[in-house]
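So this block is coords.pdb, PDB, C-alpha atoms and all ligand atoms:
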```pdb
ATOM      1  CA  MET A 825      35.953 142.458  24.991
ATOM      2  CA  VAL A 826      38.400 139.861  26.288
ATOM      3  CA  LYS A 827      37.338 137.230  28.764
ATOM      4  CA  VAL A 828      39.540 136.381  31.736
ATOM      5  CA  GLY A 829      39.065 133.317  33.912
ATOM      6  CA  VAL A 830      39.899 133.010  37.597
ATOM      7  CA  LEU A 831      40.661 129.478  38.748
ATOM      8  CA  GLY A 832      37.908 128.906  41.288
ATOM      9  CA  LEU A 833      39.017 125.844  43.214
ATOM     10  CA  GLN A 834      40.193 127.647  46.358
ATOM     11  CA  GLY A 835      41.372 131.022  47.603
ATOM     12  CA  ALA A 836      40.671 134.684  46.854
ATOM     13  CA  VAL A 837      38.467 134.191  43.790
ATOM     14  CA  ARG A 838      35.680 136.812  44.080
ATOM     15  CA  GLU A 839      38.125 139.670  44.630
ATOM     16  CA  HIS A 840      39.968 138.812  41.421
ATOM     17  CA  ILE A 841      36.697 138.654  39.510
ATOM     18  CA  ARG A 842      35.922 142.184  40.668
ATOM     19  CA  ALA A 843      39.408 143.446  39.783
ATOM     20  CA  VAL A 844      39.187 141.940  36.278
ATOM     21  CA  GLU A 845      35.766 143.491  35.706
ATOM     22  CA  ALA A 846      36.982 146.853  36.978
ATOM     23  CA  SER A 847      39.765 146.590  34.376
ATOM     24  CA  GLY A 848      37.311 146.371  31.483
ATOM     25  CA  ALA A 849      37.255 142.636  30.792
ATOM     26  CA  GLU A 850      34.629 139.981  31.215
ATOM     27  CA  ALA A 851      35.389 137.624  34.118
ATOM     28  CA  LEU A 852      34.537 133.980  34.640
ATOM     29  CA  VAL A 853      35.031 131.735  37.675
ATOM     30  CA  ILE A 854      36.572 128.529  36.334
ATOM     31  CA  LYS A 855      35.266 125.480  38.146
ATOM     32  CA  LYS A 856      35.278 122.981  35.301
ATOM     33  CA  VAL A 857      38.031 122.074  32.865
ATOM     34  CA  GLU A 858      35.822 122.779  29.804
ATOM     35  CA  GLN A 859      35.456 126.420  30.867
ATOM     36  CA  LEU A 860      39.148 127.011  30.110
ATOM     37  CA  GLU A 861      38.246 127.011  26.413
ATOM     38  CA  GLU A 862      36.056 130.057  26.915
ATOM     39  CA  VAL A 863      38.741 132.387  28.253
ATOM     40  CA  ASP A 864      41.619 134.361  26.733
ATOM     41  CA  GLY A 865      43.669 134.556  29.933
ATOM     42  CA  LEU A 866      43.671 133.050  33.400
ATOM     43  CA  VAL A 867      44.320 134.228  36.962
ATOM     44  CA  LEU A 868      45.601 131.729  39.527
ATOM     45  CA  PRO A 869      44.600 133.249  42.876
ATOM     46  CA  GLY A 870      46.272 133.204  46.261
ATOM     47  CA  GLY A 871      45.270 130.684  48.895
ATOM     48  CA  GLU A 872      47.234 127.602  49.817
ATOM     49  CA  SER A 873      49.289 126.075  47.015
ATOM     50  CA  THR A 874      49.302 122.541  48.446
ATOM     51  CA  THR A 875      45.499 122.574  48.823
ATOM     52  CA  MET A 876      45.082 124.036  45.359
ATOM     53  CA  ARG A 877      47.378 121.375  43.934
ATOM     54  CA  ARG A 878      45.292 118.662  45.546
ATOM     55  CA  LEU A 879      42.123 120.089  43.987
ATOM     56  CA  ILE A 880      43.833 120.571  40.604
ATOM     57  CA  ASP A 881      44.649 116.861  40.587
ATOM     58  CA  LYS A 882      41.258 115.829  41.948
ATOM     59  CA  TYR A 883      39.356 117.672  39.210
ATOM     60  CA  GLY A 884      41.751 116.816  36.377
ATOM     61  CA  PHE A 885      43.046 120.354  35.810
ATOM     62  CA  MET A 886      46.779 119.700  35.568
ATOM     63  CA  GLU A 887      47.111 118.724  31.891
ATOM     64  CA  PRO A 888      44.508 121.284  30.699
ATOM     65  CA  LEU A 889      46.351 124.032  32.623
ATOM     66  CA  ARG A 890      49.664 123.052  31.026
ATOM     67  CA  GLU A 891      47.997 123.023  27.599
ATOM     68  CA  PHE A 892      46.497 126.424  28.317
ATOM     69  CA  ALA A 893      50.015 127.717  29.019
ATOM     70  CA  GLN A 894      51.401 126.038  25.897
ATOM     71  CA  SER A 895      48.739 127.682  23.765
ATOM     72  CA  GLY A 896      50.395 131.023  24.576
ATOM     73  CA  LYS A 897      47.494 132.516  26.520
ATOM     74  CA  PRO A 898      48.475 134.773  29.439
ATOM     75  CA  LEU A 899      48.520 133.475  33.011
ATOM     76  CA  PHE A 900      48.742 135.595  36.153
ATOM     77  CA  GLY A 901      49.695 133.879  39.406
ATOM     78  CA  THR A 902      49.326 135.729  42.692
ATOM     79  CA  CYS A 903      50.869 134.397  45.897
ATOM     80  CA  ALA A 904      49.940 130.677  45.948
ATOM     81  CA  GLY A 905      49.220 131.095  42.213
ATOM     82  CA  LEU A 906      52.804 132.263  41.717
ATOM     83  CA  ILE A 907      53.985 129.075  43.422
ATOM     84  CA  LEU A 908      51.799 127.013  41.060
ATOM     85  CA  LEU A 909      53.385 128.685  38.011
ATOM     86  CA  SER A 910      57.034 128.434  39.006
ATOM     87  CA  LYS A 911      59.401 125.822  37.598
ATOM     88  CA  GLU A 912      61.171 125.355  40.907
ATOM     89  CA  ILE A 913      60.071 125.480  44.564
ATOM     90  CA  ALA A 914      62.820 125.599  47.188
ATOM     91  CA  GLY A 915      62.794 122.405  49.250
ATOM     92  CA  TYR A 916      60.458 120.503  46.894
ATOM     93  CA  GLU A 917      61.450 118.006  44.242
ATOM     94  CA  GLU A 918      58.669 118.711  41.783
ATOM     95  CA  PRO A 919      56.924 121.894  40.677
ATOM     96  CA  HIS A 920      53.159 122.164  40.172
ATOM     97  CA  ILE A 921      52.223 123.573  36.753
ATOM     98  CA  GLY A 922      55.894 124.517  36.357
ATOM     99  CA  VAL A 923      55.840 126.798  33.315
ATOM    100  CA  MET A 924      57.482 130.043  34.475
ATOM    101  CA  ASP A 925      61.259 130.098  34.637
ATOM    102  CA  ILE A 926      61.610 131.193  38.261
ATOM    103  CA  LYS A 927      62.458 129.614  41.596
ATOM    104  CA  VAL A 928      60.283 130.502  44.593
ATOM    105  CA  GLU A 929      60.511 129.966  48.305
ATOM    106  CA  ARG A 930      57.284 129.552  50.270
ATOM    107  CA  ASN A 931      56.335 131.468  53.416
ATOM    108  CA  SER A 932      59.602 133.306  53.135
ATOM    109  CA  PHE A 933      59.026 136.578  54.928
ATOM    110  CA  GLY A 934      59.333 135.086  58.410
ATOM    111  CA  ARG A 935      56.887 134.121  61.101
ATOM    112  CA  GLN A 936      56.689 137.466  62.849
ATOM    113  CA  ARG A 937      55.584 138.941  59.584
ATOM    114  CA  GLU A 938      52.794 136.530  58.680
ATOM    115  CA  SER A 939      51.158 139.416  56.896
ATOM    116  CA  PHE A 940      52.129 142.995  56.155
ATOM    117  CA  GLU A 941      51.680 145.768  53.640
ATOM    118  CA  ALA A 942      54.440 147.492  51.738
ATOM    119  CA  LYS A 943      54.601 150.265  49.177
ATOM    120  CA  LEU A 944      56.070 148.865  45.979
ATOM    121  CA  SER A 945      57.441 150.227  42.777
ATOM    122  CA  ILE A 946      56.295 147.912  39.986
ATOM    123  CA  GLN A 947      57.892 148.497  36.620
ATOM    124  CA  GLY A 948      55.391 149.505  33.970
ATOM    125  CA  VAL A 949      52.552 149.498  36.516
ATOM    126  CA  ALA A 950      52.957 151.953  39.407
ATOM    127  CA  GLU A 951      55.514 153.532  41.700
ATOM    128  CA  ASP A 952      53.281 153.531  44.757
ATOM    129  CA  PHE A 953      51.448 150.225  44.754
ATOM    130  CA  ILE A 954      50.406 148.869  48.149
ATOM    131  CA  GLY A 955      51.244 145.172  48.229
ATOM    132  CA  VAL A 956      49.372 143.017  50.739
ATOM    133  CA  PHE A 957      51.587 140.080  51.705
ATOM    134  CA  ILE A 958      50.009 137.078  53.472
ATOM    135  CA  ARG A 959      52.376 134.205  54.275
ATOM    136  CA  ALA A 960      53.892 135.199  50.992
ATOM    137  CA  PRO A 961      56.494 133.459  48.888
ATOM    138  CA  HIS A 962      59.298 135.381  47.204
ATOM    139  CA  ILE A 963      61.133 134.768  43.959
ATOM    140  CA  VAL A 964      64.632 133.516  44.732
ATOM    141  CA  SER A 965      65.998 133.551  41.190
ATOM    142  CA  VAL A 966      64.834 134.117  37.632
ATOM    143  CA  GLY A 967      65.860 132.759  34.217
ATOM    144  CA  ASP A 968      67.255 134.871  31.344
ATOM    145  CA  GLU A 969      63.855 135.479  29.762
ATOM    146  CA  VAL A 970      62.293 136.781  32.949
ATOM    147  CA  GLU A 971      61.904 140.460  33.660
ATOM    148  CA  VAL A 972      61.970 141.472  37.333
ATOM    149  CA  LEU A 973      59.152 144.003  37.870
ATOM    150  CA  SER A 974      59.403 144.652  41.597
ATOM    151  CA  GLU A 975      61.581 144.023  44.628
ATOM    152  CA  HIS A 976      60.927 144.533  48.322
ATOM    153  CA  ASN A 977      63.873 144.586  50.749
ATOM    154  CA  GLY A 978      66.072 143.016  48.095
ATOM    155  CA  ARG A 979      63.623 140.209  47.370
ATOM    156  CA  ILE A 980      61.897 139.807  44.040
ATOM    157  CA  VAL A 981      58.130 140.068  44.494
ATOM    158  CA  ALA A 982      56.856 140.506  40.920
ATOM    159  CA  ALA A 983      58.110 139.277  37.550
ATOM    160  CA  ARG A 984      57.046 138.690  33.982
ATOM    161  CA  GLN A 985      58.126 136.207  31.362
ATOM    162  CA  GLY A 986      56.272 136.975  28.160
ATOM    163  CA  GLN A 987      52.777 135.563  28.674
ATOM    164  CA  PHE A 988      53.400 134.815  32.382
ATOM    165  CA  LEU A 989      52.942 137.357  35.152
ATOM    166  CA  GLY A 990      53.451 136.582  38.820
ATOM    167  CA  CYS A 991      53.552 138.368  42.151
ATOM    168  CA  SER A 992      54.100 137.416  45.800
ATOM    169  CA  PHE A 993      51.376 139.648  47.157
ATOM    170  CA  HIS A 994      47.582 139.994  46.819
ATOM    171  CA  PRO A 995      46.782 142.822  44.365
ATOM    172  CA  GLU A 996      43.074 141.935  44.462
ATOM    173  CA  LEU A 997      42.688 142.878  48.136
ATOM    174  CA  THR A 998      42.885 146.629  47.600
ATOM    175  CA  GLU A 999      40.896 148.959  45.366
ATOM    176  CA  ASP A1000      43.995 149.660  43.282
ATOM    177  CA  HIS A1001      43.423 147.692  40.087
ATOM    178  CA  ARG A1002      46.491 148.820  38.151
ATOM    179  CA  LEU A1003      48.187 145.413  38.206
ATOM    180  CA  ALA A1004      44.950 143.687  37.158
ATOM    181  CA  GLN A1005      44.717 146.284  34.376
ATOM    182  CA  TYR A1006      48.288 145.477  33.320
ATOM    183  CA  PHE A1007      47.312 141.792  33.054
ATOM    184  CA  VAL A1008      44.096 142.537  31.162
ATOM    185  CA  ASN A1009      46.231 144.550  28.711
ATOM    186  CA  MET A1010      48.533 141.533  28.285
ATOM    187  CA  VAL A1011      45.450 139.448  27.472
ATOM    188  CA  LYS A1012      44.207 142.023  24.953
ATOM    189  CA  GLU A1013      47.612 142.182  23.253
ATOM    190  CA  SER A1014      47.892 138.409  23.051
ATOM    191  CA  LYS A1015      44.450 138.151  21.457
ATOM    192  CA  GLU A1016      45.202 140.739  18.762
TER     193      GLU A1016
HETATM  194  N1  LIG B1101      51.667 130.311  51.992
HETATM  195  C1  LIG B1101      50.833 129.957  50.876
HETATM  196  C2  LIG B1101      51.428 128.818  50.075
HETATM  197  O1  LIG B1101      52.536 128.454  50.268
HETATM  198  C3  LIG B1101      50.594 131.139  49.979
HETATM  199  C4  LIG B1101      49.854 132.196  50.745
HETATM  200  C5  LIG B1101      48.922 133.004  49.925
HETATM  201  O2  LIG B1101      48.551 132.687  48.799
HETATM  202  N2  LIG B1101      48.448 134.050  50.535
HETATM  203  O3  LIG B1101      50.772 128.303  49.248
END
```
Written as structure tokens, that's how I'd like the structure from this file.
Ligand code: GLN
Amino acid sequence: MVKVGVLGLQGAVREHIRAVEASGAEALVIKKVEQLEEVDGLVLPGGESTTMRRLIDKYGFMEPLREFAQSGKPLFGTCAGLILLSKEIAGYEEPHIGVMDIKVERNSFGRQRESFEAKLSIQGVAEDFIGVFIRAPHIVSVGDEVEVLSEHNGRIVAARQGQFLGCSFHPELTEDHRLAQYFVNMVKESKE
């Protein structure tokens, strides 16, 4: 059985743990840097990317997270987690972890639509996936190696670049675990 960590500094942690377990993997809340060594893949949850960044720095997670990415292990960023992964953030000079070749824009679905649900077609995952968007970012542009998995109203909301998976919405907030399952499969394949 593969073991998947969920970065547990802030945000929707418990829900991801449940989704990972429902997808047939062992799940671990990561609160200490040393725990990263125990897992084969890592979920970066939604929440608030600036708060998460502050806690990442405070607890010395930045270098270990970059090393984790360099080791080739899969990472799945959802919402704020997607922002943490991306190499470029519109309006900001520096990225956070900055390993996935995409550019994101924060809070980009407009004020009136602070949160909403939309039915999404996600390539290789589902044609009827309900995405829960909460002050969500979207992916403005992607590099050559990045595969666009889903768009909503012409905006990219899910993408994959080899070991990196990211989405704008919160897949852990519904009982539909197909995207979590897709990530657990990525982790299994990378371990083989
Ligand atoms: N708006 C948040 C940010 O910019 C992301 C929101 C979320 O994760 N639900 O970090």
Could I get the residues of chain A with an atom no further than 10 Å from an atom of ligand LIG 1101 (chain B), each paired with its nearest atom pair and that distance in Å to one decimal, using only C-alpha atoms and all ligand atoms, sorted by chain and residue number, as JSON lines?
```
{"residue": "A:Gly835", "atom": "CA", "partner": "B:LIG1101", "partner_atom": "O2", "distance": 7.5}
{"residue": "A:Ala836", "atom": "CA", "partner": "B:LIG1101", "partner_atom": "O2", "distance": 8.4}
{"residue": "A:Leu868", "atom": "CA", "partner": "B:LIG1101", "partner_atom": "O2", "distance": 9.8}
{"residue": "A:Pro869", "atom": "CA", "partner": "B:LIG1101", "partner_atom": "O2", "distance": 7.1}
{"residue": "A:Gly870", "atom": "CA", "partner": "B:LIG1101", "partner_atom": "O2", "distance": 3.5}
{"residue": "A:Gly871", "atom": "CA", "partner": "B:LIG1101", "partner_atom": "O2", "distance": 3.8}
{"residue": "A:Glu872", "atom": "CA", "partner": "B:LIG1101", "partner_atom": "O3", "distance": 3.7}
{"residue": "A:Ser873", "atom": "CA", "partner": "B:LIG1101", "partner_atom": "O3", "distance": 3.5}
{"residue": "A:Thr874", "atom": "CA", "partner": "B:LIG1101", "partner_atom": "O3", "distance": 6.0}
{"residue": "A:Thr875", "atom": "CA", "partner": "B:LIG1101", "partner_atom": "O3", "distance": 7.8}
{"residue": "A:Met876", "atom": "CA", "partner": "B:LIG1101", "partner_atom": "O3", "distance": 8.1}
{"residue": "A:Arg877", "atom": "CA", "partner": "B:LIG1101", "partner_atom": "O3", "distance": 9.4}
{"residue": "A:Gly901", "atom": "CA", "partner": "B:LIG1101", "partner_atom": "O2", "distance": 9.5}
{"residue": "A:Thr902", "atom": "CA", "partner": "B:LIG1101", "partner_atom": "O2", "distance": 6.9}
{"residue": "A:Cys903", "atom": "CA", "partner": "B:LIG1101", "partner_atom": "O2", "distance": 4.1}
{"residue": "A:Ala904", "atom": "CA", "partner": "B:LIG1101", "partner_atom": "O2", "distance": 3.8}
{"residue": "A:Gly905", "atom": "CA", "partner": "B:LIG1101", "partner_atom": "O2", "distance": 6.8}
{"residue": "A:Leu906", "atom": "CA", "partner": "B:LIG1101", "partner_atom": "O2", "distance": 8.3}
{"residue": "A:Ile907", "atom": "CA", "partner": "B:LIG1101", "partner_atom": "O3", "distance": 6.7}
{"residue": "A:Leu908", "atom": "CA", "partner": "B:LIG1101", "partner_atom": "O3", "distance": 8.4}
{"residue": "A:Ile913", "atom": "CA", "partner": "B:LIG1101", "partner_atom": "O1", "distance": 9.9}
{"residue": "A:Val928", "atom": "CA", "partner": "B:LIG1101", "partner_atom": "O1", "distance": 9.8}
{"residue": "A:Glu929", "atom": "CA", "partner": "B:LIG1101", "partner_atom": "O1", "distance": 8.4}
{"residue": "A:Arg930", "atom": "CA", "partner": "B:LIG1101", "partner_atom": "O1", "distance": 4.9}
{"residue": "A:Asn931", "atom": "CA", "partner": "B:LIG1101", "partner_atom": "N1", "distance": 5.0}
{"residue": "A:Ser932", "atom": "CA", "partner": "B:LIG1101", "partner_atom": "N1", "distance": 8.6}
{"residue": "A:Glu938", "atom": "CA", "partner": "B:LIG1101", "partner_atom": "N1", "distance": 9.2}
{"residue": "A:Ser939", "atom": "CA", "partner": "B:LIG1101", "partner_atom": "N2", "distance": 8.8}
{"residue": "A:Val956", "atom": "CA", "partner": "B:LIG1101", "partner_atom": "N2", "distance": 9.0}
{"residue": "A:Phe957", "atom": "CA", "partner": "B:LIG1101", "partner_atom": "N2", "distance": 6.9}
{"residue": "A:Ile958", "atom": "CA", "partner": "B:LIG1101", "partner_atom": "N2", "distance": 4.5}
{"residue": "A:Arg959", "atom": "CA", "partner": "B:LIG1101", "partner_atom": "N1", "distance": 4.6}
{"residue": "A:Ala960", "atom": "CA", "partner": "B:LIG1101", "partner_atom": "C4", "distance": 5.0}
{"residue": "A:Pro961", "atom": "CA", "partner": "B:LIG1101", "partner_atom": "C3", "distance": 6.4}
{"residue": "A:Ser992", "atom": "CA", "partner": "B:LIG1101", "partner_atom": "O2", "distance": 7.9}
{"residue": "A:Phe993", "atom": "CA", "partner": "B:LIG1101", "partner_atom": "N2", "distance": 7.2}
{"residue": "A:His994", "atom": "CA", "partner": "B:LIG1101", "partner_atom": "N2", "distance": 7.1}
```
Exercise for the section: Apply the PyMOL selection byres (((chain A and resi 1014) around 9) and not hetatm) to the file shown and report the selected residues as a VMD selection string. Expected result: chain A and resid 864 to 865 896 to 898 987 1009 to 1013 1015 to 1016
File of the preceding selection, C-alpha atoms, as a PDB file, in the coordinates of the input:
```pdb
ATOM      1  CA  ASP A 864      41.619 134.361  26.733  1.00  0.00           C
ATOM      2  CA  GLY A 865      43.669 134.556  29.933  1.00  0.00           C
ATOM      3  CA  GLY A 896      50.395 131.023  24.576  1.00  0.00           C
ATOM      4  CA  LYS A 897      47.494 132.516  26.520  1.00  0.00           C
ATOM      5  CA  PRO A 898      48.475 134.773  29.439  1.00  0.00           C
ATOM      6  CA  GLN A 987      52.777 135.563  28.674  1.00  0.00           C
ATOM      7  CA  ASN A1009      46.231 144.550  28.711  1.00  0.00           C
ATOM      8  CA  MET A1010      48.533 141.533  28.285  1.00  0.00           C
ATOM      9  CA  VAL A1011      45.450 139.448  27.472  1.00  0.00           C
ATOM     10  CA  LYS A1012      44.207 142.023  24.953  1.00  0.00           C
ATOM     11  CA  GLU A1013      47.612 142.182  23.253  1.00  0.00           C
ATOM     12  CA  LYS A1015      44.450 138.151  21.457  1.00  0.00           C
ATOM     13  CA  GLU A1016      45.202 140.739  18.762  1.00  0.00           C
TER      14      GLU A1016
END
```
Practice task
Provide the CA of Ala846 (chain A) to CA of Phe892 (chain A) distance in Å, to one decimal place.
Solution key: 24.1 Å
Handout entry: Pick from A:Ala914, A:Leu944, A:Val837, A:Ala1004, whichever lies nearest to Glu975 (chain A) using only C-alpha atoms
Key =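 Of A:Ala914, A:Leu944, A:Val837, A:Ala1004, the one nearest Glu975 (chain A) is A:Leu944, counting only C-alpha atoms.
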Handout entry: Expected residue set, 7 Å radius at (57.6, 129.1, 34.9), only C-alpha atoms, as a list in words
Key = Leu909, Ser910, Lys911, Gly922, Val923, Met924, Asp925 and Ile926 of chain A
